[in-house]
Amino acid sequence: MIAVEQLTMEFGGRPLFDSISFLVNAKDRIALVGKNGAGKTTLLRLFAGLQQPTHGQIVKPKDLTIGYLPQHLLLTDQRTVQQEVELAFDDIRQTEAAIERLSAELAERTDYESDDYQHIIDKLAHENERLQLFGAANMQAEIEKTLLGLGFERTDLGRQTSEFSGGWRMRIELAKILLKRPDLLLLDEPTNHLDIESIQWLENFLATCGSAVLLVSHDRAFLDAVTSRTIEISLGKIYDYKVSYTKYKELRAERREQQLRAYENQQKMIADTEDFIERFRYKATKAVQVQSRIKQLEKLQRLEVDEEDTARLHLKFPPAPHSGVLPIFVEHLTKAYGDHIVLNDIAMEIKRGEKVAFVGKNGEGKSTLVKCIMGEIPFSGTLKLGHQVKIGYFAQNQASLLDENKTVFQTIDDAAVGDIRTKIRDILGAFMFGGEAGDKKVKVLSGGERSRLAMIRLLLEPVNLLILDEPTNHLDMASKDVLKEAIRAFDGTAIVVSHDREFLDGLVEKVYEFGHQRVREHLGGIRDFLQYKKMQNLQELEIVQNSNKPTTNSTAVSDNKQNYELQKEQARQIRKQEKLVAEAENEITQLEQQIADMETQFAAGQSDAQSVENYQRTKHALEQKMYEWELLTETLEQLKAQ
């Protein structure tokens with residue numbers, strides 16, 4: 001469908017990509033992964049046509065439709081949520097207008113037998129067919145279903161978009177893009193502004209929609225649920241794997257290990273050959289063998305190991321000063337904005353050393369309670385901080401509050417006081433801002449680099465209560481792992497506001513669920529909580545379905561059509577997977593035949609260093625293909641079991 005041909009993109013003479021090529025096929029679901037600053041967002045912008053490459057091209061069909069959701073939006077619209085989302089159906093509006101115009105023209109004419117009259121009738125029939133194809137009858141239902149899935153209430157549809165925060169307006173934009181059903185969806189960190197329930201809804205939507213998907217996300221669980229192909233960008237090159245993210249990580253590690261083994265074996269063979277040449281170079285009786293070895297080295301195809309980006313984040317929070325047994329005690333706390341009650345008569349006790357999560361839909365009071373703890377807003381009731389509690393706070397929009405015209409070094413130098421100022425360069429190096437990176441302007445940093453820079457502020461002074469509001473937004477996988485381990489090793493108390501299931505798993509031992517003005521305590525980790533929530537959601541779904549049973553045949557037909565489409569898509573996925581399994585089996589058969597032929601030659605005494613190297617390389621290829629076949633077969637069995 002789309003061909004990337006020898007694409008090169010340079011910034012300041014430094015290549016982000018260097019002559020990369022790959023194909024995006026219809027209905028591919030691809031995860032773009034790589035470290036912050038590797039070029040993931042730039043590649044999406046190139047696909048969207050918002051930037052032009054230095055060299056090479058992206059070849060797209062002329063009629064290809066693209067939906068692009070960037071990380072950040074500047075919205076100035078003055079419409080209601082309903083009106084804004086209806087813009088996704090401009091094609092329907094245009095078709096309806098054409099039908100109205102043609103119908104009016106027919107009503108005025110009396111030349112019923114003329115070719116022109118018949119032509120108008122044919123055109124009207126065509127436009128009506130288009131309208132049916134667009135699903136105009138279900139437009140309102142589709143809008144409601146999508147907005148409710150993304151966390152909106154029905155009462156929100158008539159509200160002005162300007163009343164909503166940036167995160168909620170991103171959801172409105174996402175809804176518009178999804179409703180357009182484009183041929184290609186480009187999604188840059190779509191889960192950053194979604195709660196857990198909305199993420200799960202989006203997973204189901206993307207898994208069954210007919211669009212090709214190219215997305216950037218640092219949510220492992222989301223990537224595994226949505227994508228079936230992974231393209232890694234690293235040091236200007238790409239590595240393309242036809243598997244989901246977790247399986248890609250395994251194959252990537254295995255590939256590198258095989259490369260290292262083959263490289264080491266070849267280096268040993270080269271060293272032995274060079275040693276033979278040096279020892280017998282001047283012996284006439286060995287002249288023929290020496291020349292043979294020299295030619296062998298000249299013809300040898302030197303193996304290379306994929307260059308690896310070894311830059312790593314080093315994060316360790318300073319030792320926490322001693323605090324009281326109860327760093328936070330809340331009782332009968334209520335917070336309202338005018339008539340709108342956000343939190344109503346809540347109670348909470350967080351003990352020293354506990355790691356807890358605040359979860360729930362956006363707008364249910366998580367950030368509001370954090371602001372109450374920080375003393376930023378008034379409230380009624382009791383909220384006490386324990387003895388000698390010192391808070392370190394990372395706000396959700398912390399990275400966006402940085403001064404874009406300052407350098408990385410200036411940003412930290414302005415916030416540091418005392419002896420810590422002598423260690424700024426060391427701290428920046430630990431956060432992968434070593435050398436010239438410390439002199440970069442904030443405005444040229446990627447979203448992840450800005451988040452890392454904002455995180456450094458937490459290290460400037462020892463604290464015993466960490467409050468982190470969505471700390472993983474824009475951080476790459478490796479940085480998230482490092483942050484998670486640093487919080488786990490932190491000897492103080494931590495409150496983590498997050499929608500990232502993978503990040504919270506194994507980190508927190510208590511979950512506070514925010515919803516309907518209340519806060520409910522759940523003992524146990526995030527997996528225990530999600531299991532409970534899944535059961536609860538199913539019970540709620542049954543209640544809704546029982547109270548809203550369809551009463552019309554049209555609704556039943558719509559449901560049957562949807563079920564048919566789902567079954568059709570599943571059958572297509574199975575056929576596609578069966579084809580991949582068959583291709584892998586054919587390649588395995590060919591590799592096994594090659595190995596058998598080589599072993600026959602070895603048995604006949606026909607071998608040299610080159611043939612031994614080819615034999616080892618083919619054996620490694622067979623091992624990798626066998627592993628890939630196992631993964632493909634497992635996926636096929638899972639598809640058939642659904």
# chains A, B, ... in the order shown; residues from 1 in each chain; ligands from 1

call {"tool": "residues_around", "arguments": {"residues": "range 217-232 of chain A", "least_positions_apart": "5", "cutoff": "7 Å", "atoms": "only C-alpha atoms", "output": "count of residues only"}}
result
26

call {"tool": "residues_around", "arguments": {"residues": "Asp403 in chain A", "least_positions_apart": "4", "cutoff": "10 Å", "atoms": "only C-alpha atoms", "output": "count of residues only"}}
result
8

call {"tool": "select_by_dssp", "arguments": {"residues": "range 28-130 of chain A", "states": "helix (DSSP H, G or I)", "output": "ChimeraX atom specification"}}
result
/A:40-48,81-108,115-130

call {"tool": "closest_residue", "arguments": {"among": "A:Glu84, A:Glu592, A:Glu628, A:Asp18", "to": "Leu235 in chain A", "atoms": "only C-alpha atoms"}}
result
A:Asp18

call {"tool": "residues_around", "arguments": {"residues": "Lys62 in chain A", "least_positions_apart": "5", "cutoff": "12 Å", "atoms": "only C-alpha atoms", "output": "list in words"}}
result
Met1, Ile2 and Asp183 of chain A

call {"tool": "closest_residue", "arguments": {"among": "A:Asp275, A:Leu459, A:Ala320, A:Glu86", "to": "Lys423 in chain A", "atoms": "only C-alpha atoms"}}
result
A:Leu459

call {"tool": "residues_around", "arguments": {"residues": "Arg302 in chain A", "least_positions_apart": "3", "cutoff": "12 Å", "atoms": "only C-alpha atoms", "output": "list in words"}}
result
Gln259, Ala262, Tyr263, Glu264, Asn265, Gln266, Gln267, Met269, Ile270, Gln296, Leu297, Glu298, Lys299, Val305, Gln610 and Glu613 of chain A

call {"tool": "residues_around", "arguments": {"residues": "Leu46 in chain A", "least_positions_apart": "2", "cutoff": "12 Å", "atoms": "only C-alpha atoms", "output": "PDB file with N, CA, C and O atoms, in the first residue's frame"}}
result
ATOM      1  N   VAL A   4       8.159   3.001   1.578  1.00  0.00           N
ATOM      2  CA  VAL A   4       9.202   3.916   2.045  1.00  0.00           C
ATOM      3  C   VAL A   4      10.485   3.531   1.309  1.00  0.00           C
ATOM      4  O   VAL A   4      10.971   2.404   1.458  1.00  0.00           O
ATOM      5  N   LEU A   7      14.732   6.336   2.505  1.00  0.00           N
ATOM      6  CA  LEU A   7      14.384   7.572   3.208  1.00  0.00           C
ATOM      7  C   LEU A   7      15.524   8.019   4.120  1.00  0.00           C
ATOM      8  O   LEU A   7      16.003   7.261   4.956  1.00  0.00           O
ATOM      9  N   THR A   8      15.944   9.266   3.954  1.00  0.00           N
ATOM     10  CA  THR A   8      16.958   9.880   4.816  1.00  0.00           C
ATOM     11  C   THR A   8      16.406  11.194   5.360  1.00  0.00           C
ATOM     12  O   THR A   8      15.845  11.989   4.616  1.00  0.00           O
ATOM     13  N   MET A   9      16.577  11.389   6.653  1.00  0.00           N
ATOM     14  CA  MET A   9      16.120  12.628   7.285  1.00  0.00           C
ATOM     15  C   MET A   9      17.234  13.136   8.184  1.00  0.00           C
ATOM     16  O   MET A   9      17.688  12.413   9.081  1.00  0.00           O
ATOM     17  N   PHE A  17      17.313   9.151  10.162  1.00  0.00           N
ATOM     18  CA  PHE A  17      17.229   7.908   9.402  1.00  0.00           C
ATOM     19  C   PHE A  17      18.248   7.985   8.276  1.00  0.00           C
ATOM     20  O   PHE A  17      18.470   9.047   7.713  1.00  0.00           O
ATOM     21  N   GLY A  39      13.443   9.426  16.428  1.00  0.00           N
ATOM     22  CA  GLY A  39      12.827   9.868  15.177  1.00  0.00           C
ATOM     23  C   GLY A  39      11.444   9.294  14.921  1.00  0.00           C
ATOM     24  O   GLY A  39      10.934   9.377  13.803  1.00  0.00           O
ATOM     25  N   LYS A  40      10.798   8.732  15.942  1.00  0.00           N
ATOM     26  CA  LYS A  40       9.481   8.107  15.756  1.00  0.00           C
ATOM     27  C   LYS A  40       8.438   9.141  15.321  1.00  0.00           C
ATOM     28  O   LYS A  40       7.715   8.938  14.334  1.00  0.00           O
ATOM     29  N   THR A  41       8.353  10.261  16.061  1.00  0.00           N
ATOM     30  CA  THR A  41       7.379  11.304  15.721  1.00  0.00           C
ATOM     31  C   THR A  41       7.680  11.901  14.352  1.00  0.00           C
ATOM     32  O   THR A  41       6.768  12.174  13.566  1.00  0.00           O
ATOM     33  N   THR A  42       8.949  12.097  14.045  1.00  0.00           N
ATOM     34  CA  THR A  42       9.330  12.643  12.735  1.00  0.00           C
ATOM     35  C   THR A  42       8.860  11.729  11.612  1.00  0.00           C
ATOM     36  O   THR A  42       8.359  12.204  10.583  1.00  0.00           O
ATOM     37  N   LEU A  43       9.001  10.413  11.803  1.00  0.00           N
ATOM     38  CA  LEU A  43       8.568   9.475  10.763  1.00  0.00           C
ATOM     39  C   LEU A  43       7.053   9.550  10.561  1.00  0.00           C
ATOM     40  O   LEU A  43       6.571   9.518   9.417  1.00  0.00           O
ATOM     41  N   LEU A  44       6.290   9.683  11.644  1.00  0.00           N
ATOM     42  CA  LEU A  44       4.838   9.839  11.507  1.00  0.00           C
ATOM     43  C   LEU A  44       4.502  11.113  10.739  1.00  0.00           C
ATOM     44  O   LEU A  44       3.606  11.128   9.888  1.00  0.00           O
ATOM     45  N   ALA A  48       2.452  11.676   7.273  1.00  0.00           N
ATOM     46  CA  ALA A  48       1.297  12.577   7.198  1.00  0.00           C
ATOM     47  C   ALA A  48       1.504  13.700   6.187  1.00  0.00           C
ATOM     48  O   ALA A  48       0.578  14.457   5.896  1.00  0.00           O
ATOM     49  N   GLY A  49       2.724  13.825   5.647  1.00  0.00           N
ATOM     50  CA  GLY A  49       3.017  14.876   4.674  1.00  0.00           C
ATOM     51  C   GLY A  49       3.279  16.228   5.298  1.00  0.00           C
ATOM     52  O   GLY A  49       3.287  17.253   4.603  1.00  0.00           O
ATOM     53  N   LEU A  50       3.525  16.268   6.618  1.00  0.00           N
ATOM     54  CA  LEU A  50       3.764  17.530   7.309  1.00  0.00           C
ATOM     55  C   LEU A  50       5.236  17.935   7.272  1.00  0.00           C
ATOM     56  O   LEU A  50       5.578  19.066   7.608  1.00  0.00           O
ATOM     57  N   GLN A  51       6.121  17.007   6.923  1.00  0.00           N
ATOM     58  CA  GLN A  51       7.545  17.306   6.723  1.00  0.00           C
ATOM     59  C   GLN A  51       8.012  16.607   5.463  1.00  0.00           C
ATOM     60  O   GLN A  51       7.395  15.631   5.002  1.00  0.00           O
ATOM     61  N   GLN A  52       9.104  17.097   4.904  1.00  0.00           N
ATOM     62  CA  GLN A  52       9.683  16.492   3.712  1.00  0.00           C
ATOM     63  C   GLN A  52      11.047  15.896   4.053  1.00  0.00           C
ATOM     64  O   GLN A  52      11.819  16.504   4.802  1.00  0.00           O
ATOM     65  N   PRO A  53      11.364  14.713   3.528  1.00  0.00           N
ATOM     66  CA  PRO A  53      12.651  14.085   3.844  1.00  0.00           C
ATOM     67  C   PRO A  53      13.814  14.792   3.169  1.00  0.00           C
ATOM     68  O   PRO A  53      13.635  15.515   2.179  1.00  0.00           O
ATOM     69  N   THR A  54      15.006  14.582   3.706  1.00  0.00           N
ATOM     70  CA  THR A  54      16.215  15.119   3.078  1.00  0.00           C
ATOM     71  C   THR A  54      16.467  14.418   1.752  1.00  0.00           C
ATOM     72  O   THR A  54      16.784  15.048   0.739  1.00  0.00           O
ATOM     73  N   HIS A  55      16.317  13.088   1.766  1.00  0.00           N
ATOM     74  CA  HIS A  55      16.454  12.269   0.544  1.00  0.00           C
ATOM     75  C   HIS A  55      15.422  11.151   0.610  1.00  0.00           C
ATOM     76  O   HIS A  55      14.884  10.843   1.672  1.00  0.00           O
ATOM     77  N   GLY A  56      15.171  10.533  -0.548  1.00  0.00           N
ATOM     78  CA  GLY A  56      14.232   9.422  -0.596  1.00  0.00           C
ATOM     79  C   GLY A  56      12.792   9.904  -0.651  1.00  0.00           C
ATOM     80  O   GLY A  56      12.522  11.103  -0.773  1.00  0.00           O
ATOM     81  N   GLN A  57      11.863   8.950  -0.577  1.00  0.00           N
ATOM     82  CA  GLN A  57      10.458   9.312  -0.701  1.00  0.00           C
ATOM     83  C   GLN A  57       9.562   8.280  -0.045  1.00  0.00           C
ATOM     84  O   GLN A  57       9.967   7.144   0.222  1.00  0.00           O
ATOM     85  N   ILE A  58       8.320   8.723   0.241  1.00  0.00           N
ATOM     86  CA  ILE A  58       7.263   7.820   0.695  1.00  0.00           C
ATOM     87  C   ILE A  58       6.208   7.808  -0.400  1.00  0.00           C
ATOM     88  O   ILE A  58       5.579   8.832  -0.673  1.00  0.00           O
ATOM     89  N   VAL A  59       6.036   6.668  -1.051  1.00  0.00           N
ATOM     90  CA  VAL A  59       5.117   6.545  -2.183  1.00  0.00           C
ATOM     91  C   VAL A  59       3.771   6.058  -1.671  1.00  0.00           C
ATOM     92  O   VAL A  59       3.663   4.970  -1.101  1.00  0.00           O
ATOM     93  N   LYS A  60       2.719   6.905  -1.875  1.00  0.00           N
ATOM     94  CA  LYS A  60       1.374   6.573  -1.393  1.00  0.00           C
ATOM     95  C   LYS A  60       0.385   6.628  -2.552  1.00  0.00           C
ATOM     96  O   LYS A  60       0.536   7.460  -3.446  1.00  0.00           O
ATOM     97  N   ILE A  66      -5.704   9.472   5.262  1.00  0.00           N
ATOM     98  CA  ILE A  66      -4.830   9.360   6.436  1.00  0.00           C
ATOM     99  C   ILE A  66      -5.444  10.127   7.600  1.00  0.00           C
ATOM    100  O   ILE A  66      -5.932  11.245   7.442  1.00  0.00           O
ATOM    101  N   TYR A  68      -4.237  11.495  11.344  1.00  0.00           N
ATOM    102  CA  TYR A  68      -3.016  11.691  12.140  1.00  0.00           C
ATOM    103  C   TYR A  68      -3.358  12.346  13.472  1.00  0.00           C
ATOM    104  O   TYR A  68      -3.950  13.428  13.513  1.00  0.00           O
ATOM    105  N   LEU A 186      -2.356   7.197  11.921  1.00  0.00           N
ATOM    106  CA  LEU A 186      -1.057   7.545  12.492  1.00  0.00           C
ATOM    107  C   LEU A 186      -1.309   8.082  13.895  1.00  0.00           C
ATOM    108  O   LEU A 186      -1.876   9.167  14.059  1.00  0.00           O
TER     109      LEU A 186
END

call {"tool": "atom_distance", "arguments": {"atom1": "CA of Leu174 in chain A", "atom2": "CA of Gln78 in chain A"}}
result
17.5 Å

call {"tool": "residues_around", "arguments": {"residues": "range 322-337 of chain A", "least_positions_apart": "6", "cutoff": "12 Å", "atoms": "only C-alpha atoms", "output": "JSON, numbers by chain"}}
result
{"A": [343, 344, 345, 346, 347, 348, 349, 350, 351, 352, 353, 354, 355, 356, 364, 365, 366, 367, 368, 369, 370, 371, 372, 373, 374, 377, 378, 379, 380, 381, 382, 383, 384, 385, 386, 387, 388, 389, 390, 391, 462, 463, 464, 465, 466, 467, 491, 492, 493, 494, 495, 517, 518, 519]}

call {"tool": "closest_residue", "arguments": {"among": "A:Glu163, A:Asp63, A:Glu100, A:Glu197", "to": "Glu127 in chain A", "atoms": "only C-alpha atoms"}}
result
A:Glu100

call {"tool": "residues_around", "arguments": {"residues": "Gly158 in chain A", "least_positions_apart": "3", "cutoff": "7 Å", "atoms": "only C-alpha atoms", "output": "PDB file with C-alpha atoms, in the first residue's frame"}}
result
ATOM      1  CA  THR A  80     -19.961  21.816  20.934  1.00  0.00           C
ATOM      2  CA  VAL A  81     -18.498  18.324  21.283  1.00  0.00           C
ATOM      3  CA  GLN A  82     -21.296  16.977  19.048  1.00  0.00           C
ATOM      4  CA  THR A 155     -24.413  15.165  28.847  1.00  0.00           C
TER       5      THR A 155
END

call {"tool": "closest_residue", "arguments": {"among": "A:Ala478, A:Asp528, A:Val508, A:Ala609", "to": "Gln301 in chain A", "atoms": "only C-alpha atoms"}}
result
A:Ala609

call {"tool": "select_by_dssp", "arguments": {"residues": "range 116-332 of chain A", "states": "strand (DSSP E)", "output": "compact mmCIF listing (two decimals) with all heavy atoms, in the first residue's frame"}}
result
# COMPACT_ATOMS: atom_id res chain seq x y z
N LEU A 184 -5.25 4.76 6.66
CA LEU A 184 -4.06 4.68 7.52
C LEU A 184 -4.25 5.57 8.74
O LEU A 184 -4.53 6.77 8.61
CB LEU A 184 -2.81 5.12 6.74
CG LEU A 184 -1.50 5.21 7.53
CD1 LEU A 184 -1.08 3.83 8.05
CD2 LEU A 184 -0.39 5.81 6.69
N LEU A 185 -4.09 4.99 9.91
CA LEU A 185 -4.15 5.73 11.17
C LEU A 185 -2.73 5.95 11.68
O LEU A 185 -1.97 4.99 11.85
CB LEU A 185 -4.95 4.95 12.22
CG LEU A 185 -6.47 5.06 12.18
CD1 LEU A 185 -7.09 3.99 13.10
CD2 LEU A 185 -6.92 6.44 12.61
N LEU A 186 -2.36 7.20 11.92
CA LEU A 186 -1.06 7.55 12.49
C LEU A 186 -1.31 8.08 13.89
O LEU A 186 -1.88 9.17 14.06
CB LEU A 186 -0.35 8.61 11.64
CG LEU A 186 -0.16 8.29 10.15
CD1 LEU A 186 0.37 9.52 9.42
CD2 LEU A 186 0.79 7.11 9.97
N LEU A 187 -0.92 7.34 14.92
CA LEU A 187 -1.24 7.70 16.30
C LEU A 187 0.04 7.86 17.11
O LEU A 187 0.82 6.92 17.26
CB LEU A 187 -2.13 6.61 16.94
CG LEU A 187 -3.41 6.26 16.19
CD1 LEU A 187 -4.15 5.11 16.88
CD2 LEU A 187 -4.32 7.48 16.07
N ASP A 188 0.26 9.07 17.60
CA ASP A 188 1.46 9.39 18.38
C ASP A 188 1.09 9.48 19.85
O ASP A 188 0.46 10.45 20.29
CB ASP A 188 2.07 10.71 17.89
CG ASP A 188 3.52 10.88 18.33
OD1 ASP A 188 3.99 10.06 19.16
OD2 ASP A 188 4.18 11.83 17.87
N ALA A 212 -5.13 0.42 8.32
CA ALA A 212 -3.74 0.14 8.71
C ALA A 212 -3.40 1.10 9.85
O ALA A 212 -3.89 2.22 9.89
CB ALA A 212 -2.80 0.36 7.53
N VAL A 213 -2.58 0.65 10.79
CA VAL A 213 -2.26 1.45 11.97
C VAL A 213 -0.75 1.53 12.12
O VAL A 213 -0.05 0.51 12.08
CB VAL A 213 -2.87 0.85 13.26
CG1 VAL A 213 -2.51 1.70 14.48
CG2 VAL A 213 -4.38 0.73 13.13
N LEU A 214 -0.25 2.75 12.27
CA LEU A 214 1.16 3.00 12.56
C LEU A 214 1.18 3.85 13.81
O LEU A 214 0.74 5.00 13.79
CB LEU A 214 1.82 3.74 11.39
CG LEU A 214 3.35 3.83 11.34
CD1 LEU A 214 3.97 2.45 11.29
CD2 LEU A 214 3.80 4.64 10.13
N LEU A 215 1.64 3.28 14.93
CA LEU A 215 1.50 4.02 16.19
C LEU A 215 2.78 4.01 17.01
O LEU A 215 3.60 3.10 16.93
CB LEU A 215 0.32 3.47 17.01
CG LEU A 215 0.40 2.10 17.68
CD1 LEU A 215 1.03 2.18 19.06
CD2 LEU A 215 -0.99 1.50 17.80
N VAL A 216 2.90 5.09 17.79
CA VAL A 216 3.99 5.23 18.76
C VAL A 216 3.36 5.19 20.14
O VAL A 216 2.41 5.93 20.42
CB VAL A 216 4.74 6.57 18.58
CG1 VAL A 216 5.79 6.76 19.67
CG2 VAL A 216 5.38 6.64 17.20
N ARG A 229 3.15 -6.18 14.34
CA ARG A 229 4.43 -5.94 13.66
C ARG A 229 5.14 -4.82 14.39
O ARG A 229 4.50 -3.86 14.84
CB ARG A 229 4.18 -5.56 12.20
CG ARG A 229 5.43 -5.28 11.37
CD ARG A 229 5.04 -4.96 9.94
NE ARG A 229 6.14 -4.44 9.14
CZ ARG A 229 5.99 -3.86 7.95
NH1 ARG A 229 4.78 -3.74 7.41
NH2 ARG A 229 7.05 -3.41 7.28
N THR A 230 6.46 -4.93 14.53
CA THR A 230 7.23 -3.95 15.29
C THR A 230 8.41 -3.47 14.45
O THR A 230 9.19 -4.28 13.95
CB THR A 230 7.75 -4.56 16.61
OG1 THR A 230 6.65 -5.10 17.35
CG2 THR A 230 8.46 -3.51 17.46
N ILE A 231 8.53 -2.14 14.31
CA ILE A 231 9.67 -1.55 13.62
C ILE A 231 10.44 -0.70 14.63
O ILE A 231 9.89 0.26 15.16
CB ILE A 231 9.23 -0.69 12.42
CG1 ILE A 231 8.56 -1.57 11.35
CG2 ILE A 231 10.42 0.06 11.83
CD1 ILE A 231 8.07 -0.80 10.13
N GLU A 232 11.67 -1.09 14.88
CA GLU A 232 12.51 -0.34 15.82
C GLU A 232 13.39 0.64 15.04
O GLU A 232 13.98 0.28 14.02
CB GLU A 232 13.41 -1.28 16.62
CG GLU A 232 14.31 -0.54 17.59
CD GLU A 232 15.42 -1.41 18.18
OE1 GLU A 232 15.59 -2.55 17.72
OE2 GLU A 232 16.10 -0.93 19.09
N ILE A 233 13.45 1.88 15.53
CA ILE A 233 14.37 2.88 14.97
C ILE A 233 15.52 3.04 15.95
O ILE A 233 15.31 3.37 17.12
CB ILE A 233 13.68 4.24 14.76
CG1 ILE A 233 12.44 4.09 13.89
CG2 ILE A 233 14.65 5.24 14.13
CD1 ILE A 233 11.62 5.35 13.76
N SER A 234 16.73 2.79 15.49
CA SER A 234 17.90 2.88 16.36
C SER A 234 19.11 3.32 15.56
O SER A 234 19.48 2.68 14.58
CB SER A 234 18.17 1.53 17.03
OG SER A 234 19.32 1.59 17.84
N LYS A 237 18.97 3.45 11.73
CA LYS A 237 18.55 2.24 11.01
C LYS A 237 17.22 1.75 11.55
O LYS A 237 16.78 2.18 12.61
CB LYS A 237 19.61 1.14 11.14
CG LYS A 237 20.95 1.49 10.51
CD LYS A 237 21.91 0.32 10.65
CE LYS A 237 23.27 0.63 10.02
NZ LYS A 237 24.22 -0.51 10.17
N ILE A 238 16.58 0.84 10.80
CA ILE A 238 15.35 0.23 11.30
C ILE A 238 15.53 -1.29 11.35
O ILE A 238 16.31 -1.87 10.59
CB ILE A 238 14.13 0.59 10.43
CG1 ILE A 238 14.30 0.07 9.00
CG2 ILE A 238 13.85 2.07 10.45
CD1 ILE A 238 12.99 0.03 8.23
N TYR A 239 14.81 -1.90 12.26
CA TYR A 239 14.79 -3.36 12.41
C TYR A 239 13.32 -3.77 12.41
O TYR A 239 12.55 -3.37 13.28
CB TYR A 239 15.49 -3.79 13.69
CG TYR A 239 16.93 -3.32 13.75
CD1 TYR A 239 17.25 -2.09 14.32
CD2 TYR A 239 17.94 -4.08 13.18
CE1 TYR A 239 18.56 -1.64 14.34
CE2 TYR A 239 19.26 -3.64 13.20
CZ TYR A 239 19.57 -2.42 13.78
OH TYR A 239 20.87 -1.97 13.80
N ASP A 240 12.93 -4.55 11.40
CA ASP A 240 11.52 -4.85 11.14
C ASP A 240 11.22 -6.29 11.55
O ASP A 240 11.82 -7.23 11.04
CB ASP A 240 11.24 -4.64 9.65
CG ASP A 240 9.75 -4.61 9.33
OD1 ASP A 240 8.95 -4.96 10.20
OD2 ASP A 240 9.40 -4.24 8.20
N TYR A 241 10.26 -6.46 12.47
CA TYR A 241 9.87 -7.79 12.94
C TYR A 241 8.36 -7.96 12.78
O TYR A 241 7.59 -7.09 13.19
CB TYR A 241 10.24 -7.97 14.42
CG TYR A 241 11.73 -8.09 14.66
CD1 TYR A 241 12.54 -6.96 14.69
CD2 TYR A 241 12.33 -9.33 14.83
CE1 TYR A 241 13.91 -7.05 14.90
CE2 TYR A 241 13.70 -9.45 15.04
CZ TYR A 241 14.48 -8.30 15.07
OH TYR A 241 15.83 -8.41 15.27
N ILE A 328 0.18 10.87 55.20
CA ILE A 328 -1.06 11.51 54.75
C ILE A 328 -2.25 10.90 55.49
O ILE A 328 -2.42 9.67 55.51
CB ILE A 328 -1.25 11.35 53.23
CG1 ILE A 328 -0.18 12.12 52.46
CG2 ILE A 328 -2.63 11.83 52.79
CD1 ILE A 328 -0.27 11.99 50.97
N PHE A 329 -3.06 11.77 56.08
CA PHE A 329 -4.29 11.34 56.75
C PHE A 329 -5.43 12.23 56.26
O PHE A 329 -5.37 13.46 56.35
CB PHE A 329 -4.15 11.47 58.27
CG PHE A 329 -5.44 11.18 59.02
CD1 PHE A 329 -5.85 9.87 59.24
CD2 PHE A 329 -6.24 12.22 59.47
CE1 PHE A 329 -7.03 9.61 59.91
CE2 PHE A 329 -7.42 11.97 60.14
CZ PHE A 329 -7.82 10.65 60.38
N VAL A 330 -6.47 11.61 55.69
CA VAL A 330 -7.61 12.34 55.13
C VAL A 330 -8.89 11.84 55.77
O VAL A 330 -9.10 10.62 55.90
CB VAL A 330 -7.69 12.14 53.59
CG1 VAL A 330 -8.91 12.85 53.02
CG2 VAL A 330 -6.42 12.64 52.91
N GLU A 331 -9.78 12.77 56.14
CA GLU A 331 -11.05 12.38 56.75
C GLU A 331 -12.11 13.43 56.39
O GLU A 331 -11.88 14.64 56.52
CB GLU A 331 -10.89 12.29 58.27
CG GLU A 331 -12.09 11.67 58.98
CD GLU A 331 -11.82 11.47 60.46
OE1 GLU A 331 -11.17 12.35 61.08
OE2 GLU A 331 -12.24 10.44 61.00
N HIS A 332 -13.26 12.94 55.89
CA HIS A 332 -14.41 13.80 55.55
C HIS A 332 -14.02 14.94 54.60
O HIS A 332 -14.54 16.05 54.70
CB HIS A 332 -15.03 14.40 56.82
CG HIS A 332 -15.49 13.38 57.82
ND1 HIS A 332 -16.38 12.37 57.50
CD2 HIS A 332 -15.16 13.20 59.13
CE1 HIS A 332 -16.59 11.62 58.57
NE2 HIS A 332 -15.86 12.09 59.57

call {"tool": "closest_residue", "arguments": {"among": "A:Asp90, A:Glu278, A:Glu173, A:Asp439", "to": "His193 in chain A", "atoms": "only C-alpha atoms"}}
result
A:Glu173
